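Below is the file final_23.txt, which contains compact mmCIF, C-alpha atoms and all ligand atoms.
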# COMPACT_ATOMS: atom_id res chain seq x y z
CA MET A 456 -10.71 22.06 -39.96
CA LYS A 457 -8.41 25.05 -39.41
CA LYS A 458 -7.71 26.17 -35.83
CA LYS A 459 -5.27 28.44 -34.08
CA ILE A 460 -3.78 27.10 -30.85
CA ALA A 461 -1.80 29.19 -28.36
CA LEU A 462 1.05 27.13 -26.88
CA LEU A 463 2.43 28.15 -23.48
CA PRO A 464 5.06 25.55 -22.52
CA GLY A 465 6.18 27.35 -19.32
CA ASP A 466 8.93 25.83 -17.19
CA GLY A 467 10.57 22.51 -16.33
CA ILE A 468 8.79 19.47 -17.75
CA GLY A 469 6.11 21.82 -19.09
CA LYS A 470 8.43 22.34 -22.05
CA GLU A 471 9.05 18.61 -22.54
CA VAL A 472 5.41 17.54 -22.45
CA MET A 473 4.47 20.47 -24.71
CA GLU A 474 6.92 19.18 -27.34
CA GLY A 475 5.09 15.86 -27.16
CA ALA A 476 1.70 17.58 -27.53
CA VAL A 477 2.83 19.46 -30.62
CA ASP A 478 4.22 16.29 -32.12
CA LEU A 479 0.91 14.53 -31.46
CA LEU A 480 -1.15 17.40 -32.89
CA LYS A 481 0.96 17.48 -36.06
CA SER A 482 0.38 13.80 -36.60
CA ILE A 483 -3.37 14.23 -35.98
CA ALA A 484 -3.48 17.14 -38.45
CA GLU A 485 -1.86 14.91 -41.06
CA HIS A 486 -4.04 11.83 -40.43
CA TYR A 487 -7.35 13.64 -40.24
CA HIS A 488 -6.59 16.51 -42.66
CA HIS A 489 -6.80 19.41 -40.24
CA GLU A 490 -4.73 22.55 -40.10
CA PHE A 491 -3.49 23.60 -36.67
CA ASP A 492 -1.61 26.91 -36.50
CA PHE A 493 0.57 27.19 -33.43
CA GLU A 494 1.66 30.37 -31.74
CA TYR A 495 4.02 30.23 -28.77
CA GLY A 496 3.77 32.53 -25.75
CA LEU A 497 5.87 33.09 -22.64
CA ILE A 498 4.51 32.40 -19.17
CA GLY A 499 5.94 31.66 -15.72
CA GLY A 500 9.60 31.66 -14.75
CA GLY A 501 10.91 31.83 -18.32
CA ALA A 502 8.70 34.86 -18.94
CA ILE A 503 10.06 36.56 -15.79
CA ASP A 504 13.61 35.94 -16.96
CA GLN A 505 12.99 37.31 -20.44
CA THR A 506 10.52 40.13 -19.79
CA GLY A 507 10.32 40.72 -16.02
CA ASP A 508 6.63 39.69 -16.09
CA PRO A 509 5.17 36.19 -15.39
CA LEU A 510 2.34 36.92 -17.87
CA PRO A 511 3.45 39.43 -20.53
CA ASP A 512 0.63 41.31 -22.30
CA GLU A 513 1.78 39.77 -25.57
CA THR A 514 1.02 36.28 -24.23
CA LEU A 515 -2.47 37.34 -23.22
CA GLU A 516 -3.03 38.79 -26.70
CA ILE A 517 -1.82 35.56 -28.34
CA CYS A 518 -4.28 33.57 -26.19
CA LYS A 519 -7.20 35.90 -26.95
CA ALA A 520 -6.50 35.66 -30.68
CA SER A 521 -6.55 31.83 -30.57
CA ASP A 522 -9.26 29.16 -30.65
CA ALA A 523 -7.79 27.33 -27.63
CA VAL A 524 -4.85 27.54 -25.24
CA LEU A 525 -2.56 24.66 -24.32
CA LEU A 526 -0.32 25.12 -21.28
CA GLY A 527 2.56 23.01 -19.90
CA ALA A 528 3.42 23.99 -16.32
CA VAL A 529 5.04 26.89 -14.50
CA GLY A 530 7.39 27.32 -11.57
CA GLY A 531 10.60 25.97 -10.16
CA PRO A 532 13.15 26.50 -7.39
CA LYS A 533 14.93 29.28 -9.33
CA TRP A 534 12.02 31.61 -8.62
CA ASP A 535 10.91 30.27 -5.21
CA GLU A 536 12.35 33.24 -3.30
CA ASN A 537 10.89 35.85 -5.69
CA PRO A 538 8.48 38.42 -4.25
CA ALA A 539 4.77 37.55 -4.68
CA GLU A 540 4.25 39.55 -7.89
CA LEU A 541 7.27 37.91 -9.53
CA ARG A 542 6.30 34.31 -8.86
CA PRO A 543 5.75 32.14 -11.96
CA GLU A 544 2.47 30.91 -10.44
CA LYS A 545 1.13 34.51 -10.45
CA GLY A 546 1.26 34.41 -14.25
CA LEU A 547 -0.90 31.30 -14.36
CA LEU A 548 -3.41 32.67 -11.85
CA LYS A 549 -3.65 35.95 -13.78
CA LEU A 550 -4.21 34.09 -17.04
CA ARG A 551 -7.03 32.01 -15.47
CA LYS A 552 -8.65 35.19 -14.12
CA GLU A 553 -8.21 37.25 -17.31
CA LEU A 554 -9.76 34.52 -19.45
CA ASP A 555 -12.43 33.85 -16.78
CA LEU A 556 -11.58 30.13 -16.76
CA TYR A 557 -13.84 29.39 -13.81
CA ALA A 558 -14.53 25.67 -14.35
CA ASN A 559 -11.59 23.33 -14.11
CA LEU A 560 -12.49 19.77 -15.11
CA ARG A 561 -10.11 17.10 -13.82
CA PRO A 562 -11.19 13.60 -14.88
CA VAL A 563 -9.72 10.62 -13.03
CA GLN A 564 -9.89 7.21 -14.66
CA ALA A 565 -8.14 4.14 -13.28
CA TYR A 566 -6.61 2.02 -16.07
CA GLU A 567 -6.52 -1.64 -15.16
CA SER A 568 -3.23 -2.13 -17.02
CA ILE A 569 -1.28 0.19 -14.68
CA ALA A 570 -3.29 -0.39 -11.49
CA ASP A 571 -0.27 -2.14 -9.94
CA GLN A 572 1.39 1.30 -9.57
CA SER A 573 -1.36 2.71 -7.37
CA PRO A 574 -0.91 2.20 -3.63
CA LEU A 575 -4.56 1.08 -3.54
CA LYS A 576 -5.82 -2.47 -4.05
CA ALA A 577 -7.01 -3.46 -7.54
CA GLU A 578 -10.55 -4.20 -6.28
CA ILE A 579 -10.86 -0.66 -4.89
CA LEU A 580 -9.70 0.84 -8.19
CA GLU A 581 -11.67 -1.29 -10.62
CA GLY A 582 -14.05 0.93 -12.61
CA VAL A 583 -13.02 4.20 -10.96
CA ASP A 584 -14.20 7.00 -13.25
CA LEU A 585 -14.78 10.32 -11.54
CA LEU A 586 -14.65 13.97 -12.46
CA ILE A 587 -13.43 16.72 -10.16
CA VAL A 588 -14.99 20.06 -11.04
CA ARG A 589 -12.78 22.64 -9.36
CA GLU A 590 -13.82 26.30 -9.09
CA LEU A 591 -10.78 28.07 -10.55
CA THR A 592 -11.12 31.85 -10.39
CA GLY A 593 -12.31 32.54 -6.84
CA GLY A 594 -11.94 31.34 -3.27
CA LEU A 595 -8.73 31.44 -1.26
CA TYR A 596 -6.53 32.02 -4.31
CA PHE A 597 -8.07 35.37 -5.20
CA GLY A 598 -9.77 36.77 -2.06
CA LYS A 599 -8.60 40.15 -0.75
CA PRO A 600 -6.91 40.94 1.58
CA SER A 601 -4.01 38.62 0.91
CA GLU A 602 -0.98 40.23 2.52
CA ARG A 603 1.62 40.44 5.25
CA SER A 604 1.58 43.11 7.92
CA HIS A 605 3.37 44.16 11.08
CA HIS A 606 1.49 45.25 14.21
CA ASN A 607 3.31 46.19 17.40
CA GLY A 608 6.43 44.38 16.26
CA GLU A 609 4.60 41.18 15.38
CA GLU A 610 4.39 39.92 11.81
CA SER A 611 1.12 38.49 10.52
CA ALA A 612 -0.31 37.25 7.22
CA VAL A 613 -3.84 36.93 5.88
CA ASP A 614 -5.55 35.20 2.95
CA THR A 615 -9.28 35.48 2.35
CA LEU A 616 -11.77 32.86 1.23
CA PHE A 617 -14.30 34.96 -0.66
CA TYR A 618 -17.11 33.85 -2.99
CA ASN A 619 -20.15 35.64 -4.26
CA ARG A 620 -23.35 33.75 -5.01
CA ASN A 621 -22.97 33.96 -8.76
CA GLU A 622 -19.49 32.38 -8.69
CA ILE A 623 -20.82 29.42 -6.72
CA GLU A 624 -23.97 29.10 -8.79
CA ARG A 625 -22.18 28.85 -12.12
CA ILE A 626 -19.70 26.18 -11.00
CA ILE A 627 -22.45 24.08 -9.38
CA GLU A 628 -24.57 24.44 -12.56
CA THR A 629 -21.57 23.22 -14.57
CA ALA A 630 -21.22 20.21 -12.29
CA PHE A 631 -24.92 19.30 -12.61
CA LYS A 632 -24.88 19.65 -16.39
CA LEU A 633 -21.85 17.36 -16.59
CA ALA A 634 -23.38 14.86 -14.15
CA ARG A 635 -26.47 14.64 -16.37
CA GLU A 636 -24.24 13.26 -19.12
CA ARG A 637 -22.60 10.80 -16.71
CA ARG A 638 -23.92 8.74 -13.77
CA LYS A 639 -26.14 11.55 -12.44
CA LYS A 640 -24.55 12.07 -9.04
CA VAL A 641 -22.93 15.26 -7.71
CA THR A 642 -20.91 15.29 -4.50
CA SER A 643 -20.47 18.87 -3.33
CA VAL A 644 -17.41 19.07 -1.11
CA ASP A 645 -17.13 21.85 1.49
CA LYS A 646 -16.26 22.64 5.11
CA ALA A 647 -19.73 23.83 6.13
CA ASN A 648 -19.20 22.80 9.76
CA VAL A 649 -16.69 25.66 10.06
CA LEU A 650 -16.67 28.08 7.12
CA GLU A 651 -19.35 30.66 6.27
CA SER A 652 -18.37 30.50 2.59
CA SER A 653 -19.07 26.76 2.70
CA ARG A 654 -22.47 27.30 4.30
CA MET A 655 -23.40 29.58 1.42
CA TRP A 656 -21.89 27.05 -1.02
CA ARG A 657 -24.21 24.37 0.45
CA GLU A 658 -27.31 26.57 0.19
CA VAL A 659 -26.56 27.39 -3.43
CA ALA A 660 -25.90 23.72 -4.21
CA GLU A 661 -29.37 22.87 -2.82
CA GLU A 662 -31.00 25.61 -4.91
CA VAL A 663 -29.29 24.50 -8.11
CA ALA A 664 -30.09 20.84 -7.36
CA SER A 665 -33.81 21.61 -7.30
CA LYS A 666 -33.54 22.36 -11.04
CA TYR A 667 -32.02 18.93 -11.73
CA PRO A 668 -34.39 16.41 -10.10
CA ASP A 669 -32.79 13.59 -12.12
CA VAL A 670 -29.38 14.21 -10.53
CA GLU A 671 -28.62 13.17 -6.96
CA LEU A 672 -26.87 15.73 -4.72
CA GLN A 673 -24.72 14.66 -1.80
CA HIS A 674 -22.83 17.02 0.53
CA MET A 675 -19.52 15.92 1.97
CA LEU A 676 -17.05 17.65 4.29
CA VAL A 677 -13.65 18.00 2.68
CA ASP A 678 -11.71 16.05 5.31
CA ASN A 679 -14.09 13.12 4.92
CA ALA A 680 -13.90 13.45 1.12
CA ALA A 681 -10.10 13.16 1.26
CA MET A 682 -10.50 9.90 3.19
CA GLN A 683 -13.39 8.54 1.05
CA LEU A 684 -11.35 9.05 -2.13
CA ILE A 685 -8.94 6.42 -0.83
CA ARG A 686 -11.42 4.19 1.00
CA SER A 687 -14.01 3.88 -1.72
CA PRO A 688 -13.44 6.07 -4.81
CA LYS A 689 -16.11 4.28 -6.85
CA GLN A 690 -18.87 6.08 -4.92
CA PHE A 691 -17.95 9.32 -6.75
CA ASP A 692 -19.23 10.49 -10.10
CA VAL A 693 -18.87 14.31 -10.19
CA ILE A 694 -17.17 16.11 -7.29
CA VAL A 695 -17.63 19.89 -7.23
CA THR A 696 -15.59 22.03 -4.89
CA GLU A 697 -13.85 25.27 -3.97
CA ASN A 698 -10.57 26.26 -5.66
CA MET A 699 -8.05 25.12 -3.04
CA PHE A 700 -9.98 22.02 -1.93
CA GLY A 701 -10.06 20.99 -5.61
CA ASP A 702 -6.33 21.56 -6.01
CA ILE A 703 -5.51 19.30 -3.10
CA LEU A 704 -8.10 16.60 -3.78
CA SER A 705 -7.05 16.27 -7.43
CA ASP A 706 -3.39 15.58 -6.63
CA GLU A 707 -4.61 13.00 -4.11
CA ALA A 708 -6.99 11.47 -6.67
CA SER A 709 -4.15 11.16 -9.20
CA MET A 710 -2.84 8.25 -7.18
CA LEU A 711 -5.97 6.29 -8.12
CA THR A 712 -4.33 6.15 -11.56
CA GLY A 713 -0.83 5.46 -10.24
CA SER A 714 0.82 8.79 -11.12
CA LEU A 715 0.29 12.52 -11.13
CA GLY A 716 1.59 12.35 -14.68
CA MET A 717 -1.73 10.84 -15.78
CA LEU A 718 -4.27 13.60 -15.00
CA PRO A 719 -5.38 16.03 -17.74
CA SER A 720 -7.55 19.08 -17.25
CA ALA A 721 -9.76 21.52 -19.10
CA SER A 722 -10.35 25.04 -17.79
CA LEU A 723 -13.57 26.35 -19.28
CA SER A 724 -14.96 29.87 -19.49
CA GLU A 725 -18.37 31.23 -20.46
CA SER A 726 -16.85 32.34 -23.78
CA SER A 727 -15.62 29.95 -26.47
CA LEU A 728 -11.96 30.30 -25.41
CA HIS A 729 -10.81 27.53 -23.07
CA LEU A 730 -7.45 26.38 -21.72
CA TYR A 731 -6.09 22.85 -21.38
CA GLU A 732 -3.24 21.77 -19.13
CA PRO A 733 -2.01 18.74 -17.23
CA VAL A 734 -2.76 18.77 -13.50
CA HIS A 735 0.89 18.30 -12.57
CA GLY A 736 3.53 21.00 -12.15
CA SER A 737 6.97 21.64 -13.60
CA ALA A 738 8.51 18.70 -11.66
CA PRO A 739 11.94 20.25 -11.02
CA ASP A 740 13.23 16.91 -9.72
CA ILE A 741 13.00 15.32 -13.20
CA ALA A 742 13.06 18.39 -15.48
CA GLY A 743 15.37 18.16 -18.48
CA LEU A 744 15.84 14.40 -18.14
CA ASN A 745 13.37 13.31 -20.86
CA LYS A 746 11.60 11.07 -18.34
CA ALA A 747 8.35 12.96 -17.60
CA ASN A 748 5.13 11.14 -18.35
CA PRO A 749 3.53 12.99 -21.29
CA VAL A 750 0.16 11.22 -20.93
CA ALA A 751 -1.51 13.95 -18.79
CA MET A 752 -0.61 16.43 -21.54
CA MET A 753 -1.73 14.13 -24.36
CA LEU A 754 -5.07 13.53 -22.61
CA SER A 755 -5.37 17.33 -22.20
CA VAL A 756 -4.96 17.59 -25.98
CA ALA A 757 -7.81 15.07 -26.30
CA MET A 758 -9.97 17.24 -24.02
CA MET A 759 -9.14 20.27 -26.19
CA LEU A 760 -10.06 18.48 -29.41
CA ARG A 761 -13.38 17.36 -27.89
CA HIS A 762 -14.48 20.48 -25.97
CA SER A 763 -13.08 23.28 -28.11
CA PHE A 764 -13.16 21.79 -31.61
CA SER A 765 -15.87 19.07 -31.35
CA LEU A 766 -13.36 16.56 -32.79
CA GLU A 767 -14.82 13.60 -30.93
CA GLU A 768 -13.28 10.92 -33.13
CA GLU A 769 -9.77 12.36 -32.82
CA ALA A 770 -10.14 12.75 -29.04
CA ASN A 771 -11.34 9.17 -28.70
CA ALA A 772 -8.43 8.01 -30.84
CA ILE A 773 -5.88 9.57 -28.46
CA GLU A 774 -7.58 8.07 -25.40
CA LEU A 775 -7.80 4.65 -27.02
CA ALA A 776 -4.17 4.77 -28.15
CA VAL A 777 -2.99 5.64 -24.61
CA LYS A 778 -4.99 2.67 -23.34
CA HIS A 779 -3.45 0.36 -25.94
CA VAL A 780 0.09 1.49 -25.11
CA PHE A 781 -0.45 0.73 -21.41
CA GLU A 782 -2.05 -2.60 -22.26
CA SER A 783 1.04 -3.51 -24.25
CA GLY A 784 3.08 -3.03 -21.05
CA LYS A 785 4.84 0.20 -22.06
CA ARG A 786 5.25 2.88 -19.42
CA THR A 787 7.27 5.95 -18.45
CA ALA A 788 9.54 5.92 -15.37
CA ASP A 789 6.87 7.14 -12.93
CA LEU A 790 4.83 3.98 -13.63
CA ALA A 791 7.62 1.51 -14.34
CA ASP A 792 9.06 -1.15 -12.05
CA LYS A 793 11.40 -4.08 -12.45
CA ASN A 794 8.83 -5.87 -14.62
CA HIS A 795 8.46 -2.99 -17.06
CA GLU A 796 11.03 -1.16 -19.12
CA SER A 797 10.80 2.55 -18.71
CA LEU A 798 10.28 4.72 -21.78
CA THR A 799 11.50 8.27 -22.24
CA THR A 800 9.02 11.11 -22.70
CA LYS A 801 9.70 11.20 -26.43
CA ALA A 802 9.45 7.39 -26.81
CA MET A 803 6.08 7.39 -25.03
CA VAL A 804 4.75 10.03 -27.42
CA GLU A 805 5.99 7.94 -30.36
CA GLU A 806 4.22 4.86 -28.96
CA VAL A 807 0.93 6.75 -28.68
CA LYS A 808 1.28 8.14 -32.20
CA GLU A 809 2.00 4.65 -33.56
CA ALA A 810 -0.94 3.13 -31.69
CA MET A 811 -3.16 5.86 -33.15
CA ALA A 812 -1.95 5.08 -36.65
CA ASP A 813 -2.61 1.35 -36.05
CA ASP A 814 -6.09 2.05 -34.66
CA HIS A 815 -6.74 4.35 -37.59
CA ALA A 816 -5.74 1.61 -40.03
CA ILE A 817 -7.95 -0.95 -38.25
CA PHE A 818 -10.84 1.53 -38.26
CA ASN A 819 -10.41 2.10 -42.02
CA ILE A 820 -10.40 -1.64 -42.71
CA MET A 821 -13.51 -2.12 -40.57
CA THR A 822 -15.42 0.70 -42.24
CA ALA A 823 -14.35 -0.53 -45.71
CA TYR A 824 -15.91 -3.95 -44.97
CA SER A 825 -19.01 -2.73 -43.14
N1 LIG A 901 -0.28 23.99 -13.43
C1 LIG A 901 0.97 24.26 -13.09
O1 LIG A 901 1.66 24.96 -13.81
C2 LIG A 901 1.51 23.72 -11.82
C3 LIG A 901 0.87 22.70 -11.13
C4 LIG A 901 1.44 22.22 -9.95
C5 LIG A 901 2.63 22.75 -9.49
N2 LIG A 901 3.22 23.75 -10.19
C6 LIG A 901 4.53 24.30 -9.79
O2 LIG A 901 5.51 23.33 -10.12
C7 LIG A 901 6.61 23.46 -9.20
C8 LIG A 901 6.92 22.09 -8.60
O3 LIG A 901 5.85 21.72 -7.75
P1 LIG A 901 5.71 20.31 -7.05
O4 LIG A 901 7.03 19.61 -7.08
O5 LIG A 901 5.04 20.53 -5.76
O6 LIG A 901 4.64 19.53 -7.95
P2 LIG A 901 4.83 18.74 -9.34
O7 LIG A 901 3.49 18.38 -9.81
O8 LIG A 901 5.69 19.53 -10.24
O9 LIG A 901 5.63 17.41 -8.94
C9 LIG A 901 5.25 16.57 -7.84
C10 LIG A 901 5.89 15.18 -8.03
O10 LIG A 901 5.24 14.50 -9.10
C11 LIG A 901 6.16 14.15 -10.10
N3 LIG A 901 5.56 14.40 -11.42
C12 LIG A 901 4.77 15.45 -11.74
N4 LIG A 901 4.42 15.39 -13.02
C13 LIG A 901 4.99 14.30 -13.53
C14 LIG A 901 5.00 13.70 -14.83
N5 LIG A 901 4.33 14.23 -15.86
N6 LIG A 901 5.72 12.56 -15.00
C15 LIG A 901 6.37 12.01 -13.97
N7 LIG A 901 6.40 12.52 -12.72
C16 LIG A 901 5.71 13.65 -12.51
C17 LIG A 901 7.37 15.06 -9.89
O11 LIG A 901 8.56 14.48 -10.41
C18 LIG A 901 7.37 15.23 -8.39
O12 LIG A 901 8.04 14.17 -7.77
C19 LIG A 901 6.18 24.51 -8.19
O13 LIG A 901 6.75 25.72 -8.56
C20 LIG A 901 4.67 24.58 -8.32
O14 LIG A 901 4.13 25.82 -7.99
C21 LIG A 901 2.70 24.23 -11.35
C1 LIG A 902 0.75 26.26 -9.71
C2 LIG A 902 -0.50 26.41 -8.91
C3 LIG A 902 -0.87 27.86 -8.82
C4 LIG A 902 -1.65 25.57 -9.45
C5 LIG A 902 -2.88 25.72 -8.56
O1 LIG A 902 -2.79 25.62 -7.33
O2 LIG A 902 -3.95 25.95 -9.12
C6 LIG A 902 -1.39 24.08 -9.58
O3 LIG A 902 -1.13 23.47 -8.36
C7 LIG A 902 -2.55 23.42 -10.28
O4 LIG A 902 -3.11 22.47 -9.73
O5 LIG A 902 -2.89 23.84 -11.39
MG MG A 903 -2.20 21.65 -8.10
Could you spell out this file's structure in structure tokens?
Amino acid sequence: MKKKIALLPGDGIGKEVMEGAVDLLKSIAEHYHHEFDFEYGLIGGGAIDQTGDPLPDETLEICKASDAVLLGAVGGPKWDENPAELRPEKGLLKLRKELDLYANLRPVQAYESIADQSPLKAEILEGVDLLIVRELTGGLYFGKPSERSHHNGEESAVDTLFYNRNEIERIIETAFKLARERRKKVTSVDKANVLESSRMWREVAEEVASKYPDVELQHMLVDNAAMQLIRSPKQFDVIVTENMFGDILSDEASMLTGSLGMLPSASLSESSLHLYEPVHGSAPDIAGLNKANPVAMMLSVAMMLRHSFSLEEEANAIELAVKHVFESGKRTADLADKNHESLTTKAMVEEVKEAMADDHAIFNIMTAYS
């Protein structure tokens, strides 16, 4: 298979985990006889420094001419004081909007082998396997007005939580379709006791649910959902929610795995062009130290291979290899403690590649004898 992949490393550890992803993809191309053509694009702080624009047109063109987009992370303290239009994060939001990446899938799976690094008890974590479906191109992030103003000497600021029916309908539909392939339960998270947008969200969720009688719909207020994720995460299968609620709940949910460095994501559009990125940011506190956990990025590569290229076997191989590496007691610094040596970013990528090669060899032996 021949595919073109746009690579947008971005800033901070985005660049380090992207190096790992490329390394992994090259080894997959070799093992499975695929051809991946990579084209790099600028985004975020680095793009501002080099071109004065957090999302140069050239980057957008590279993405549109590709079969999938892989992104690291953007942002960092260097640009924190920049005016709104020159923030690295603006580039990412514009890219999501331009490519209409409305459905952000953030799977959360608790691995038993690293459960000791989660603040939650092992019995609460056992079997946790949930999927956050975050609306990504509407809500508070994109509503207008969003501005500062001065009235009678007093400064004020406004952001707007806006959704139209169609935006809600398509994300809820996505959640129901995904739930059908899983444990057939959708928890729609909103703040319908206060927000009008949430009351409409709830109505639409009910309407969509009537088309999926085999899938259970539950409504939950977002403050309760934040608590339930810690108290009893196993109750969740698919969680569908507004853009900002999804942002916050997914960072919280990452601690069910033990680290934010574990969560991958896929941002899907109605076209065939999708984007894949880890949930975490540019982690300025560890950037450049070769200690970031590359697993979120490697699992995002797996999501890309599965969703964009239908390479199910290759995707499974990455996920299995990550599992094997953790089971063998190897971890990066975010998951390590005095009982575990801590691997560098590069060493972790090597371990996963080696485990894949071993699994591949075992698979070949098994198929040869079956
Ligand atoms: N998708 C993105 O590009 C994205 C996502 C989140 C934050 N950001 C940006 O990143 C910058 C830093 O934000 P932040 O510090 O609030 O969030 P962050 O996700 O960058 O980091 C939060 C904490 O988690 C740790 N961490 C994150 N990823 C890790 C990994 N792979 N391995 C080990 N530890 C990891 C960091 O060291 C830090 O202590 C900000 O500019 C923010 O806007 C970008
Ligand atoms: C960097 C920021 C704009 C982004 C978001 O809030 O969507 C990030 O936190 C994420 O989760 O992808
Ligand atoms: Mg976030």
Would you mind listing, for every residue of chain A within 9 Å of ligand MG 903 (chain A), the two atoms forming the shortest contact and the distance between them in Å to one decimal, using all atoms listed in the file, sorted by chain and ascending residue number, as a tab-separated table?
residue	atom	partner	partner_atom	distance
A:Met699	CA	A:MG903	MG	8.5
A:Gly701	CA	A:MG903	MG	8.3
A:Asp702	CA	A:MG903	MG	4.6
A:Ile703	CA	A:MG903	MG	6.4
A:Leu704	CA	A:MG903	MG	8.9
A:Ser705	CA	A:MG903	MG	7.3
A:Asp706	CA	A:MG903	MG	6.4
A:Val734	CA	A:MG903	MG	6.1
A:His735	CA	A:MG903	MG	6.4
A:Gly736	CA	A:MG903	MG	7.0
**Report entry** All residues having an atom within 10 Å of ligand LIG 902 (chain A) (only C-alpha atoms and all ligand atoms) as JSON, numbers by chain
**Finding:** {"A": [499, 528, 529, 530, 531, 542, 543, 544, 545, 546, 547, 548, 549, 551, 559, 561, 589, 590, 591, 592, 596, 698, 699, 700, 701, 702, 703, 704, 705, 706, 720, 722, 732, 733, 734, 735, 736, 737]}
Could you write out the selected residues, including C-alpha atoms, as a short mmCIF file (atom, residue, chain, number, x, y, z; two decimals), in the coordinates of the input?
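So selection.cif came out as:
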data_model
loop_
_atom_site.label_atom_id
_atom_site.label_comp_id
_atom_site.auth_asym_id
_atom_site.auth_seq_id
_atom_site.Cartn_x
_atom_site.Cartn_y
_atom_site.Cartn_z
CA GLY A 499 5.94 31.66 -15.72
CA ALA A 528 3.42 23.99 -16.32
CA VAL A 529 5.04 26.89 -14.50
CA GLY A 530 7.39 27.32 -11.57
CA GLY A 531 10.60 25.97 -10.16
CA ARG A 542 6.30 34.31 -8.86
CA PRO A 543 5.75 32.14 -11.96
CA GLU A 544 2.47 30.91 -10.44
CA LYS A 545 1.13 34.51 -10.45
CA GLY A 546 1.26 34.41 -14.25
CA LEU A 547 -0.90 31.30 -14.36
CA LEU A 548 -3.41 32.67 -11.85
CA LYS A 549 -3.65 35.95 -13.78
CA ARG A 551 -7.03 32.01 -15.47
CA ASN A 559 -11.59 23.33 -14.11
CA ARG A 561 -10.11 17.10 -13.82
CA ARG A 589 -12.78 22.64 -9.36
CA GLU A 590 -13.82 26.30 -9.09
CA LEU A 591 -10.78 28.07 -10.55
CA THR A 592 -11.12 31.85 -10.39
CA TYR A 596 -6.53 32.02 -4.31
CA ASN A 698 -10.57 26.26 -5.66
CA MET A 699 -8.05 25.12 -3.04
CA PHE A 700 -9.98 22.02 -1.93
CA GLY A 701 -10.06 20.99 -5.61
CA ASP A 702 -6.33 21.56 -6.01
CA ILE A 703 -5.51 19.30 -3.10
CA LEU A 704 -8.10 16.60 -3.78
CA SER A 705 -7.05 16.27 -7.43
CA ASP A 706 -3.39 15.58 -6.63
CA SER A 720 -7.55 19.08 -17.25
CA SER A 722 -10.35 25.04 -17.79
CA GLU A 732 -3.24 21.77 -19.13
CA PRO A 733 -2.01 18.74 -17.23
CA VAL A 734 -2.76 18.77 -13.50
CA HIS A 735 0.89 18.30 -12.57
CA GLY A 736 3.53 21.00 -12.15
CA SER A 737 6.97 21.64 -13.60
#
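You can rank A:Thr629, A:Thr615, A:Gln564, A:Asn537 by their closest distance to ligand LIG 901 (chain A) using all atoms listed in the file, and at the top of that list sits A:Asn537.
Among the candidate residues A:Tyr495, A:Tyr487, A:Phe597, A:Trp534, the one lying nearest to ligand LIG 901 (chain A) is A:Trp534, with distances computed using only C-alpha atoms and all ligand atoms.
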Requested in this report: Dig up all the protein and nucleic acid residues within 12 Å of (-10.9, 36.1, 1.6) in the file frame, using all atoms listed in the file, and format them as an NGL selection string.
Outcome: :A and (593-602 or 613-619 or 650-652)
Query - Close residues, Ala577 of chain A itself excluded, 9 Å, all atoms listed in the file, min 5 positions apart in chain, as a PyMOL selection string - result: chain A and resi 567+570-571
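Put simply, atom CA of Met811 of chain A is 12.7 Å away from atom CA of Lys481 of chain A.
As for atom CA of Leu744 of chain A and atom CA of Thr799 of chain A, they are spaced 8.6 Å apart.
Using only C-alpha atoms and all ligand atoms, the shortest contact distance between ligand LIG 901 (chain A) and any of A:Ile694, A:Val583, A:Ala742, A:Ala812 is found at A:Ala742.
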Query raised in the report: Could you name the residues that touch Ala708 of chain A at 10 Å or less, counting only C-alpha atoms, but leaving out those on the same chain fewer than 5 positions away, as a ChimeraX atom specification?
Result: /A:561-565,585-587,681,684-685,688,703,713-715,718
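From atom CA of His605 of chain A back to atom CA of Glu697 of chain A, the distance works out to 29.7 Å.
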Could I get segment 604-611 of chain A from the block written as a compact mmCIF listing (two decimals), in the first residue's frame, with N, CA and C atoms?
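The result, written out as decode.txt:
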# COMPACT_ATOMS: atom_id res chain seq x y z
N SER A 604 -13.69 43.92 25.53
CA SER A 604 -14.17 45.28 25.22
C SER A 604 -14.06 46.16 26.46
N HIS A 605 -14.21 47.44 26.25
CA HIS A 605 -14.18 48.41 27.35
C HIS A 605 -15.48 49.21 27.31
N HIS A 606 -16.20 49.23 28.43
CA HIS A 606 -17.41 50.05 28.51
C HIS A 606 -17.33 50.89 29.76
N ASN A 607 -17.45 52.18 29.60
CA ASN A 607 -17.40 53.12 30.73
C ASN A 607 -16.20 52.84 31.64
N GLY A 608 -15.06 52.62 31.01
CA GLY A 608 -13.83 52.44 31.79
C GLY A 608 -13.67 51.06 32.37
N GLU A 609 -14.64 50.19 32.15
CA GLU A 609 -14.49 48.82 32.69
C GLU A 609 -14.21 47.82 31.58
N GLU A 610 -13.22 46.96 31.81
CA GLU A 610 -12.86 45.98 30.79
C GLU A 610 -13.73 44.73 30.96
N SER A 611 -14.15 44.16 29.84
CA SER A 611 -14.91 42.90 29.93
C SER A 611 -14.48 41.96 28.81
